[in-house]
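K.L.:
This is the structure I have questions about; it appears just below.
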Amino acid sequence: MLIDIHVHTTPRRTLPYPGSDQCFATPWELIEMYDFAGIARGVLLPCTNPENVHTIQSNEEILDVWQRYPDRFIPFCNIDPRQCFNTPDADLGYMLAYYKDLGCRGIGEVCANLPFDDPRVENLFDHVEKNGLPLTFHVATRDHGTYGLIDGLGLPRFEQQIIKHPNLVWLCHSQAWWSHVSGDVTEDTWGGYPSGPVTEGGRVVELMRKYPNVCGDLSAGSGYNAVSRDPEFGYWFLTEFQNQLCFGTDVCAPKNRANVLVNLRNFLNEAVAANNISQQVYDKVTHLNAQRILGL
Ligand SMILES: [Zn+2]
């Protein structure tokens, strides 16, 4: 069984991406893609931060989709750290409690283009930790011209927040996170998809070893690249962190049927068939960890 920890949808056709004919897949298109790929269920992440998309979604929209297809989807909510008057004192907790009560199993994808240690972001983390929800986030390499929580090479700001929030389950995602799987990542490569052998000393390995609440969301080209760029490393990494990794796709449009929908699935299927990873590792990464983290 496959559970997708990270996907996006919109209940109706929307404005396409700038310069494109594509927009998010509709729930029905996504279910058809899931049936094709053998994916049982997916976590719907609302895009509520203005930085990353051309249309802003609501949590209610995602809850409506889940209510129509409760067997195929699992809803997350999303709260922008600037909501409720753009202050670090905002009571974001009552909002989180409300959506948790309605069935949301986590928060994200947090894409606000603010530093990890911005007081408004820390306020969000405080409330998320208190509410006991896992948090999916995207890392940005800079302020402006991108989206995601801003850090520097080596992810020092993120580690400060891990230390400040020992009970928060982090679902780490994006190029700027997964490039750190290798120790030789640089200022030039950390925002992309570095290829070739993984070297010792990667911060992803270090942080996941040090903090068991730091989990990897293997979705998108970035997650797939992290485990497949150096397959021997990938098999070791999946085995070593078998309790902290979750299968995902990050399908953002119907055209993703050819890439993120199937790339990681094929890699994991081939790895278990060739005995490069055990059946137990495969089961944990494909669905058991997601079930545990999301309380399914
Ligand atoms: Zn995403």
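In the structure tokens, chains take letters A, B, ... by order of appearance, with residues numbered from 1 within each chain and ligands from 1 in the order shown.
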Could I get the residues of chain A with an atom no further than 8 Å from an atom of ligand 1, each paired with its nearest atom pair and that distance in Å to one decimal, using only C-alpha atoms and all ligand atoms, sorted by chain and residue number, as a Markdown table?

P.N.:
```
| residue | atom | partner | partner_atom_place_in_ligand_line | distance |
| --- | --- | --- | --- | --- |
| A:His6 | CA | ligand 1 | 1 (Zn) | 6.2 |
| A:Val7 | CA | ligand 1 | 1 (Zn) | 6.1 |
| A:His8 | CA | ligand 1 | 1 (Zn) | 6.5 |
| A:Leu45 | CA | ligand 1 | 1 (Zn) | 7.1 |
| A:Glu109 | CA | ligand 1 | 1 (Zn) | 6.3 |
| A:His138 | CA | ligand 1 | 1 (Zn) | 7.9 |
| A:Ala220 | CA | ligand 1 | 1 (Zn) | 7.6 |
| A:Asp250 | CA | ligand 1 | 1 (Zn) | 4.9 |
| A:Val251 | CA | ligand 1 | 1 (Zn) | 7.5 |
| A:Cys252 | CA | ligand 1 | 1 (Zn) | 7.0 |
```

K.L.:
Limited to N, CA and C atoms, could you put the picked residues into a file as a tab-separated table (two decimals), in the first residue's frame?

P.N.:
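The resulting result.tsv:
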```
chain	number	residue	atom	x	y	z
A	6	HIS	N	2.25	14.02	0.48
A	6	HIS	CA	2.33	15.42	0.00
A	6	HIS	C	1.72	15.57	-1.39
A	7	VAL	N	0.53	16.17	-1.45
A	7	VAL	CA	-0.06	16.41	-2.78
A	7	VAL	C	-0.94	17.65	-2.74
A	8	HIS	N	-1.25	18.16	-3.93
A	8	HIS	CA	-2.09	19.36	-4.04
A	8	HIS	C	-3.23	19.10	-5.02
A	45	LEU	N	-2.47	19.17	0.87
A	45	LEU	CA	-1.85	20.33	1.51
A	45	LEU	C	-2.41	21.62	0.88
A	109	GLU	N	1.43	22.83	3.39
A	109	GLU	CA	2.85	23.05	3.32
A	109	GLU	C	3.14	24.51	3.66
A	138	HIS	N	8.51	24.01	3.35
A	138	HIS	CA	9.40	24.19	2.19
A	138	HIS	C	10.49	25.16	2.63
A	220	ALA	N	8.38	14.86	-4.49
A	220	ALA	CA	8.92	15.79	-5.50
A	220	ALA	C	10.25	15.31	-6.07
A	250	ASP	N	4.04	15.02	-4.40
A	250	ASP	CA	3.94	16.45	-4.72
A	250	ASP	C	3.44	16.66	-6.16
A	251	VAL	N	2.45	15.86	-6.56
A	251	VAL	CA	1.79	16.14	-7.84
A	251	VAL	C	1.18	17.54	-7.75
A	252	CYS	N	1.57	18.39	-8.68
A	252	CYS	CA	1.08	19.78	-8.70
A	252	CYS	C	0.29	20.07	-9.96
```

K.L.:
Compile the contact shell of stretch 37-42 of chain A as a PyMOL selection string: residues with an atom at most 7 Å away, counting only C-alpha atoms, same-chain residues fewer than 2 positions apart removed.

P.N.:
chain A and resi 1-7+33-35+44+72-74+261-262

K.L.:
List every residue of stretch 105-147 of chain A that DSSP, applied to the backbone of this structure, places in strand (DSSP E or B), and write the result as a list in words.

P.N.:
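Those residues are Ile107, Gly108, Glu109, Val110, Pro115, Leu135, Thr136, Phe137, His138, Val139 and Ala140 of chain A.
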
K.L.:
Would you mind listing what lies within 10 Å of A:Pro212 as a PyMOL selection string, with only C-alpha atoms counted and same-chain residues fewer than 3 positions away left out?

P.N.:
chain A and resi 166-167+169-170+207-209+215+241+243-244

K.L.:
Kindly give the distance, in Å, that separates atom CA of A:Thr9 and atom CA of A:Trp66, rounded to a single decimal.

P.N.:
10.6 Å

K.L.:
Please return, as a compact mmCIF listing (two decimals) with N, CA and C atoms, in the first residue's frame, all residues of stretch 122-156 of chain A that DSSP assigns to alpha helix (DSSP H) on the basis of the backbone.

P.N.:
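Resulting contents of selection-v5.txt:
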```
# COMPACT_ATOMS: atom_id res chain seq x y z
N GLU A 122 8.11 31.65 14.65
CA GLU A 122 8.28 30.94 15.93
C GLU A 122 6.96 30.81 16.67
N ASN A 123 6.14 31.85 16.57
CA ASN A 123 4.81 31.81 17.20
C ASN A 123 3.96 30.69 16.58
N LEU A 124 4.03 30.58 15.26
CA LEU A 124 3.30 29.48 14.60
C LEU A 124 3.82 28.13 15.11
N PHE A 125 5.14 27.96 15.14
CA PHE A 125 5.72 26.69 15.60
C PHE A 125 5.26 26.38 17.04
N ASP A 126 5.26 27.40 17.90
CA ASP A 126 4.82 27.20 19.29
C ASP A 126 3.41 26.62 19.34
N HIS A 127 2.52 27.23 18.55
CA HIS A 127 1.12 26.79 18.58
C HIS A 127 0.95 25.41 17.94
N VAL A 128 1.71 25.15 16.89
CA VAL A 128 1.62 23.84 16.23
C VAL A 128 2.09 22.75 17.20
N GLU A 129 3.20 23.03 17.89
CA GLU A 129 3.72 22.06 18.86
C GLU A 129 2.69 21.78 19.95
N LYS A 130 2.06 22.85 20.46
CA LYS A 130 1.06 22.67 21.52
C LYS A 130 -0.14 21.86 21.05
N ASN A 131 -0.49 22.02 19.77
CA ASN A 131 -1.64 21.30 19.23
C ASN A 131 -1.31 19.89 18.78
N PRO A 156 21.27 26.27 9.76
CA PRO A 156 21.42 26.58 11.18
C PRO A 156 20.15 27.10 11.84
```

K.L.:
With only C-alpha atoms as the counted atoms, please give the residues lying no more than 10 Å from A:Cys47, apart from itself and same-chain residues fewer than 6 positions off, as a list in words.

P.N.:
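Close residues of A:Cys47: His8, Thr9, Thr10, Val53, His54, Thr55, Ile56, Gln57, Ser58, Asn59, Ile62, Cys77, Asn78, Ile79, Asp80, Gly108, Glu109, Val110 and Cys111 of chain A.
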
K.L.:
Which residues, written as a short mmCIF file (atom, residue, chain, number, x, y, z; two decimals) with N, CA and C atoms, in the first residue's frame, have at least one atom at most 7 Å from stretch 171-179 of chain A, with only C-alpha atoms counted and residues fewer than 2 positions away on the same chain left out?

P.N.:
```
data_model
loop_
_atom_site.label_atom_id
_atom_site.label_comp_id
_atom_site.auth_asym_id
_atom_site.auth_seq_id
_atom_site.Cartn_x
_atom_site.Cartn_y
_atom_site.Cartn_z
N PRO A 134 1.76 17.41 13.08
CA PRO A 134 2.99 17.43 12.29
C PRO A 134 2.96 18.61 11.31
N LEU A 135 4.15 19.11 10.95
CA LEU A 135 4.23 20.31 10.11
C LEU A 135 5.11 20.05 8.89
N THR A 136 4.53 20.25 7.71
CA THR A 136 5.26 20.10 6.45
C THR A 136 5.71 21.49 5.98
N PHE A 137 6.97 21.60 5.62
CA PHE A 137 7.47 22.93 5.22
C PHE A 137 8.40 22.85 4.01
N HIS A 138 8.51 24.01 3.35
CA HIS A 138 9.40 24.19 2.19
C HIS A 138 10.49 25.16 2.63
N VAL A 139 11.74 24.89 2.28
CA VAL A 139 12.87 25.76 2.68
C VAL A 139 13.24 26.67 1.52
N ALA A 140 13.46 27.94 1.82
CA ALA A 140 13.91 28.92 0.82
C ALA A 140 15.37 29.26 1.06
N THR A 141 16.09 29.50 -0.03
CA THR A 141 17.51 29.88 0.08
C THR A 141 17.67 31.38 0.23
N VAL A 169 6.75 17.41 15.32
CA VAL A 169 7.17 16.48 14.26
C VAL A 169 7.30 17.27 12.95
N VAL A 181 21.49 16.27 1.94
CA VAL A 181 21.75 14.85 2.22
C VAL A 181 23.24 14.55 2.04
N SER A 182 23.91 15.38 1.23
CA SER A 182 25.34 15.17 0.95
C SER A 182 26.19 16.26 1.61
N VAL A 185 27.50 19.77 -0.36
CA VAL A 185 26.59 20.79 -0.89
C VAL A 185 27.21 22.19 -0.70
N TRP A 190 22.82 24.28 -3.27
CA TRP A 190 21.85 23.87 -2.25
C TRP A 190 20.41 24.20 -2.59
N GLY A 191 20.18 25.05 -3.59
CA GLY A 191 18.81 25.35 -3.98
C GLY A 191 18.31 24.47 -5.12
N GLY A 192 19.11 23.49 -5.54
CA GLY A 192 18.74 22.71 -6.73
C GLY A 192 18.71 21.22 -6.50
N TYR A 193 19.14 20.50 -7.51
CA TYR A 193 19.08 19.04 -7.50
C TYR A 193 20.48 18.49 -7.77
N PRO A 194 21.39 18.62 -6.79
CA PRO A 194 22.76 18.15 -7.05
C PRO A 194 22.78 16.66 -7.37
N VAL A 214 12.59 14.69 13.52
CA VAL A 214 12.85 15.25 12.20
C VAL A 214 12.64 14.14 11.17
N CYS A 215 11.59 14.30 10.36
CA CYS A 215 11.21 13.27 9.40
C CYS A 215 11.38 13.80 7.98
N GLY A 216 11.57 12.89 7.05
CA GLY A 216 11.77 13.27 5.65
C GLY A 216 10.53 13.01 4.82
N ASP A 217 10.06 14.03 4.14
CA ASP A 217 8.98 13.92 3.15
C ASP A 217 9.69 13.73 1.81
N SER A 222 13.00 16.56 -5.60
CA SER A 222 14.06 16.71 -4.59
C SER A 222 14.18 15.47 -3.71
N GLY A 223 13.05 14.92 -3.24
CA GLY A 223 13.09 13.73 -2.40
C GLY A 223 13.57 12.52 -3.19
N ALA A 226 17.28 12.69 -3.74
CA ALA A 226 18.09 12.39 -2.54
C ALA A 226 18.37 10.90 -2.38
#
```

K.L.:
If I take atom CA of A:Phe76 and atom CA of A:Pro50, how far is one from the other in Å, to one decimal?

P.N.:
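Atom-to-atom, atom CA of A:Phe76 and atom CA of A:Pro50 are spaced 17.4 Å apart.
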
K.L.:
Which of these, A:Gly106, A:Pro70, A:Pro115, A:Pro18, has the shortest distance to A:Pro46 once you count only C-alpha atoms?

P.N.:
A:Gly106
